[in-house]
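Have a look at the structure below, then the notes.
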2 protein chains.
Amino acid sequence: MKYSKQRELVLNTVIENPVHPTADFVYSHLRSANPNISLGTVYRNLNLLADHGLIHKIAIPNGSDRFDFRTDEHYHMICDCCGEVFDVELDSLKELDSEIEKSTGFVVRHHDLIINGLCNKCKHK
Amino acid sequence: MKYSKQRELVLNTVIENPVHPTADFVYSHLRSANPNISLGTVYRNLNLLADHGLIHKIAIPNGSDRFDFRTDEHYHMICDCCGEVFDVELDSLKELDSEIEKSTGFVVRHHDLIINGLCNKCKHK
DNA sequence: CTACCTGCAAAAGGTTTGCATAGCC
DNA sequence: GGCTATGCAAACCTTTTGCAGGTAG
């Protein structure tokens with residue numbers, strides 16, 4: 001991957017904003033200091049960085065994709081009230097892929113798990 | 001929910017086609033015998049039927065939503081090769097929601113799990 | 001120099017919605 | 001008769017892509 005200023009900015013934005021930003025968040029965030037950056041470039045770089053394993057792309061049901069600077073295995077919980085995305089560690093899923101392979105015979109490459117509910121701040125409202 | 005011919009057709013299509021059809025599948029399928037049915041009506045009815053719990057909506061990362069006549073708890077595996085969607089029973093996830101609630105304090109309403117890989121037909125290619 | 005990258009704007013899905021008309025109860 | 005549903009088409013949102021010019025190595 002050749003160096004580019006825009007790619008560096010995109011990567012740093014994801015790293016410095018652990019809110020699991022969307023492409024549009026990254027774009028808006030960068031726009032103020034870099035009025036010429038384009039949304040297409042942001043998308044291209046987020047996807048390229050994810051393809052190279054430097055960040056992780058999180059597909060959200062009925063919502064925009066989000067990006068995560070953490071690339072180790074963990075899961076995400078989205079609060080239906082405030083929209084915030086939280087990291088969740090689930091040791092019990094370590095064996096999930098091999099369990100599925102054993103019971104179905106499929107070759108598992110990947111699984112996506114998204115949890116919806118209410119976070120600690122919102123559950124008392 | 002008031003009766004409508006179109007809603008009945010949409011529901012029957014989902015029930016009679018256990019391929020986890022997309023809205024477009026349902027639309028194309030019905031179009032031949034009902035040339036006037038509209039895609040908007042198909043979407044409205046699929047969503048309405050799902051809201052009323054008669055069918056289940058499956059959000060597919062990077063793909064169209066699919067609909068399932070089965071409403072009991074089970075999961076889905078999508079073959080990256082042929083695109084077919086398979087049902088997977090995972091008893092080990094029965095306790096997932098309560099496990100998450102215990103470790104995080106969140107109120108869990110729902111979780112979505114999609115597995116990607118290769119089915120038994122495709123894995124030998 | 002050349003391959004890769006950018007900005008811009010248009011296109012491409014997939015899904016929802018506004019409106020006037022039609023149908024259920 | 002009134003409320004809900006329909007067909008049609010336009011709008012919407014997010015993401016991708018074609019192109020002509022710019023930049024890293």
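Just so we're on the same page: first chain in the structure tokens is A, next is B, and so on; residues restart at 1 for each chain, and ligands are numbered from 1 in the order they show up.
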Exercise for the section: DSSP on the backbone, then: every residue of chain A marked strand (DSSP E), written as number ranges by chain. Expected result: A: 56-58, 66-68, 75-79, 85-88, 107-118
Grab the residues selected above and save them as an mmCIF file, in the first residue's frame with N, CA, C and O atoms.
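Output below, filename selection.cif:
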```cif
data_model
loop_
_atom_site.group_PDB
_atom_site.id
_atom_site.type_symbol
_atom_site.label_atom_id
_atom_site.label_comp_id
_atom_site.auth_asym_id
_atom_site.auth_seq_id
_atom_site.Cartn_x
_atom_site.Cartn_y
_atom_site.Cartn_z
ATOM 1 N N HIS A 56 -11.160 -2.994 11.351
ATOM 2 C CA HIS A 56 -12.194 -3.996 11.140
ATOM 3 C C HIS A 56 -13.503 -3.332 10.757
ATOM 4 O O HIS A 56 -13.861 -2.301 11.299
ATOM 5 N N LYS A 57 -14.183 -3.929 9.771
ATOM 6 C CA LYS A 57 -15.470 -3.396 9.311
ATOM 7 C C LYS A 57 -16.588 -4.147 10.008
ATOM 8 O O LYS A 57 -16.582 -5.367 10.034
ATOM 9 N N ILE A 58 -17.515 -3.409 10.591
ATOM 10 C CA ILE A 58 -18.640 -4.010 11.304
ATOM 11 C C ILE A 58 -19.923 -3.732 10.532
ATOM 12 O O ILE A 58 -20.322 -2.574 10.384
ATOM 13 N N ARG A 66 -19.838 0.282 10.258
ATOM 14 C CA ARG A 66 -18.976 0.998 11.186
ATOM 15 C C ARG A 66 -17.586 0.393 11.132
ATOM 16 O O ARG A 66 -17.407 -0.722 10.643
ATOM 17 N N PHE A 67 -16.615 1.144 11.636
ATOM 18 C CA PHE A 67 -15.237 0.678 11.576
ATOM 19 C C PHE A 67 -14.615 0.723 12.956
ATOM 20 O O PHE A 67 -14.894 1.608 13.762
ATOM 21 N N ASP A 68 -13.742 -0.268 13.211
ATOM 22 C CA ASP A 68 -13.208 -0.489 14.549
ATOM 23 C C ASP A 68 -11.693 -0.620 14.463
ATOM 24 O O ASP A 68 -11.182 -1.392 13.648
ATOM 25 N N TYR A 75 -17.143 -8.672 20.229
ATOM 26 C CA TYR A 75 -18.455 -8.450 19.633
ATOM 27 C C TYR A 75 -18.979 -7.068 19.964
ATOM 28 O O TYR A 75 -18.344 -6.330 20.713
ATOM 29 N N HIS A 76 -20.147 -6.745 19.400
ATOM 30 C CA HIS A 76 -20.673 -5.389 19.571
ATOM 31 C C HIS A 76 -22.135 -5.392 19.963
ATOM 32 O O HIS A 76 -22.934 -6.149 19.415
ATOM 33 N N MET A 77 -22.422 -4.506 20.908
ATOM 34 C CA MET A 77 -23.777 -4.319 21.380
ATOM 35 C C MET A 77 -24.167 -2.888 21.052
ATOM 36 O O MET A 77 -23.433 -1.954 21.344
ATOM 37 N N ILE A 78 -25.318 -2.731 20.417
ATOM 38 C CA ILE A 78 -25.816 -1.410 20.049
ATOM 39 C C ILE A 78 -27.007 -1.074 20.916
ATOM 40 O O ILE A 78 -27.961 -1.846 20.988
ATOM 41 N N CYS A 79 -26.947 0.098 21.547
ATOM 42 C CA CYS A 79 -28.063 0.525 22.378
ATOM 43 C C CYS A 79 -29.183 1.067 21.492
ATOM 44 O O CYS A 79 -28.967 2.000 20.711
ATOM 45 N N VAL A 85 -22.327 2.220 20.470
ATOM 46 C CA VAL A 85 -21.864 0.858 20.219
ATOM 47 C C VAL A 85 -20.842 0.474 21.282
ATOM 48 O O VAL A 85 -19.881 1.210 21.503
ATOM 49 N N PHE A 86 -21.057 -0.648 21.935
ATOM 50 C CA PHE A 86 -20.181 -1.094 23.017
ATOM 51 C C PHE A 86 -19.480 -2.386 22.655
ATOM 52 O O PHE A 86 -20.056 -3.248 21.981
ATOM 53 N N ASP A 87 -18.252 -2.535 23.109
ATOM 54 C CA ASP A 87 -17.521 -3.794 22.927
ATOM 55 C C ASP A 87 -17.981 -4.808 23.959
ATOM 56 O O ASP A 87 -18.221 -4.463 25.115
ATOM 57 N N VAL A 88 -18.097 -6.048 23.524
ATOM 58 C CA VAL A 88 -18.457 -7.141 24.429
ATOM 59 C C VAL A 88 -17.487 -8.294 24.200
ATOM 60 O O VAL A 88 -17.235 -8.681 23.059
ATOM 61 N N VAL A 107 -17.752 -25.469 6.009
ATOM 62 C CA VAL A 107 -16.501 -24.808 6.351
ATOM 63 C C VAL A 107 -16.863 -23.386 6.774
ATOM 64 O O VAL A 107 -17.408 -22.625 5.979
ATOM 65 N N VAL A 108 -16.603 -23.039 8.020
ATOM 66 C CA VAL A 108 -16.947 -21.699 8.497
ATOM 67 C C VAL A 108 -15.771 -20.768 8.292
ATOM 68 O O VAL A 108 -14.647 -21.071 8.688
ATOM 69 N N ARG A 109 -16.049 -19.633 7.649
ATOM 70 C CA ARG A 109 -14.978 -18.659 7.415
ATOM 71 C C ARG A 109 -15.068 -17.494 8.385
ATOM 72 O O ARG A 109 -14.092 -16.829 8.680
ATOM 73 N N HIS A 110 -16.282 -17.241 8.837
ATOM 74 C CA HIS A 110 -16.505 -15.956 9.500
ATOM 75 C C HIS A 110 -17.891 -15.966 10.136
ATOM 76 O O HIS A 110 -18.795 -16.604 9.619
ATOM 77 N N HIS A 111 -18.044 -15.293 11.257
ATOM 78 C CA HIS A 111 -19.400 -15.045 11.722
ATOM 79 C C HIS A 111 -19.545 -13.618 12.213
ATOM 80 O O HIS A 111 -18.580 -12.994 12.642
ATOM 81 N N ASP A 112 -20.753 -13.101 12.065
ATOM 82 C CA ASP A 112 -21.087 -11.744 12.486
ATOM 83 C C ASP A 112 -22.152 -11.821 13.559
ATOM 84 O O ASP A 112 -23.202 -12.415 13.338
ATOM 85 N N LEU A 113 -21.870 -11.204 14.695
ATOM 86 C CA LEU A 113 -22.866 -11.185 15.762
ATOM 87 C C LEU A 113 -23.061 -9.753 16.227
ATOM 88 O O LEU A 113 -22.095 -9.074 16.570
ATOM 89 N N ILE A 114 -24.298 -9.292 16.196
ATOM 90 C CA ILE A 114 -24.626 -7.963 16.701
ATOM 91 C C ILE A 114 -25.732 -8.114 17.728
ATOM 92 O O ILE A 114 -26.716 -8.813 17.485
ATOM 93 N N ILE A 115 -25.544 -7.487 18.868
ATOM 94 C CA ILE A 115 -26.509 -7.558 19.953
ATOM 95 C C ILE A 115 -27.225 -6.213 20.056
ATOM 96 O O ILE A 115 -26.587 -5.165 19.999
ATOM 97 N N ASN A 116 -28.536 -6.257 20.193
ATOM 98 C CA ASN A 116 -29.312 -5.040 20.396
ATOM 99 C C ASN A 116 -29.950 -5.057 21.770
ATOM 100 O O ASN A 116 -30.396 -6.106 22.231
ATOM 101 N N GLY A 117 -30.006 -3.892 22.384
ATOM 102 C CA GLY A 117 -30.627 -3.819 23.703
ATOM 103 C C GLY A 117 -30.528 -2.426 24.265
ATOM 104 O O GLY A 117 -30.553 -1.447 23.523
ATOM 105 N N LEU A 118 -30.430 -2.354 25.580
ATOM 106 C CA LEU A 118 -30.335 -1.064 26.261
ATOM 107 C C LEU A 118 -29.087 -1.033 27.122
ATOM 108 O O LEU A 118 -28.835 -1.969 27.889
#
```
Contact check, chain B to chain C, at most 9 Å, counting only C-alpha atoms (C1' of nucleotides), closest pairs as JSON lines:
```
{"residue": "B:Lys2", "atom": "CA", "partner": "C:DC24", "partner_atom": "C1'", "distance": 7.0}
{"residue": "B:Tyr3", "atom": "CA", "partner": "C:DC24", "partner_atom": "C1'", "distance": 6.8}
{"residue": "B:Ser4", "atom": "CA", "partner": "C:DC24", "partner_atom": "C1'", "distance": 7.6}
{"residue": "B:Gly40", "atom": "CA", "partner": "C:DT16", "partner_atom": "C1'", "distance": 8.1}
{"residue": "B:Tyr43", "atom": "CA", "partner": "C:DT15", "partner_atom": "C1'", "distance": 7.8}
{"residue": "B:Arg44", "atom": "CA", "partner": "C:DT16", "partner_atom": "C1'", "distance": 8.9}
{"residue": "B:Gly63", "atom": "CA", "partner": "C:DG14", "partner_atom": "C1'", "distance": 8.6}
{"residue": "B:Ser64", "atom": "CA", "partner": "C:DG14", "partner_atom": "C1'", "distance": 6.7}
{"residue": "B:Asp65", "atom": "CA", "partner": "C:DG14", "partner_atom": "C1'", "distance": 8.8}
```
Could you please take those selected residues and save C-alpha atoms as an mmCIF file, in the first residue's frame?
```cif
data_model
loop_
_atom_site.group_PDB
_atom_site.id
_atom_site.type_symbol
_atom_site.label_atom_id
_atom_site.label_comp_id
_atom_site.auth_asym_id
_atom_site.auth_seq_id
_atom_site.Cartn_x
_atom_site.Cartn_y
_atom_site.Cartn_z
ATOM 1 C CA LYS B 2 -57.181 -6.324 7.686
ATOM 2 C CA TYR B 3 -57.281 -8.969 4.991
ATOM 3 C CA SER B 4 -55.756 -8.302 1.620
ATOM 4 C CA GLY B 40 -43.678 -1.374 -2.676
ATOM 5 C CA TYR B 43 -41.992 -4.608 0.966
ATOM 6 C CA ARG B 44 -44.833 -3.172 3.016
ATOM 7 C CA GLY B 63 -26.899 -8.111 1.063
ATOM 8 C CA SER B 64 -30.637 -7.811 0.766
ATOM 9 C CA ASP B 65 -32.841 -8.651 3.694
#
```
Practice task
Rounded to one decimal place, report the CA of Ala23 (chain B)-CA of Leu39 (chain B) distance in Å.
Solution key: 7.8 Å
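Between CA of Lys123 (chain B) and CA of Ile15 (chain B) the interatomic distance comes to 28.6 Å.
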Practice task
Could you tell me, as a ChimeraX atom specification, which residues of region 21-100 of chain A DSSP assigns to alpha helix (DSSP H) when given the backbone?
Solution key: /A:23-31,39-51,96-100
Exercise for the section: With a distance threshold of 9 Å and counting only C-alpha atoms (C1' of nucleotides), extract the residues of chain D near chain B and express them as a list of chain:residue names. Expected result: D:DT4, D:DA5, D:DT6, D:DG7, D:DC8
Practice task
Record the distance separating CA of Glu84 (chain B) and CA of Asp97 (chain A), expressed in Å with one decimal.
Solution key: 18.4 Å
Exercise for the section: Return the single residue from B:Asn62, B:Ser98, B:Thr71, B:Asn34 that is closest to chain A, with distances computed using only C-alpha atoms. Expected result: B:Asn62
Practice task
Find the residues around Lys121 (chain A) up to 12 Å (only C-alpha atoms (C1' of nucleotides) counted), leave out those fewer than 6 positions away in its own chain, and share them as an MDAnalysis selection string.
Solution key: (chainID A and resid 79:84) or (chainID B and resid 104:107)
Practice task
Choose the residue, out of A:Asn12, A:Ser92, A:Thr22, A:Ser32, that has the smallest atom-to-atom separation from Leu54 (chain A); count only C-alpha atoms.
Solution key: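 Among the listed residues, the smallest separation from Leu54 (chain A) belongs to A:Asn12.
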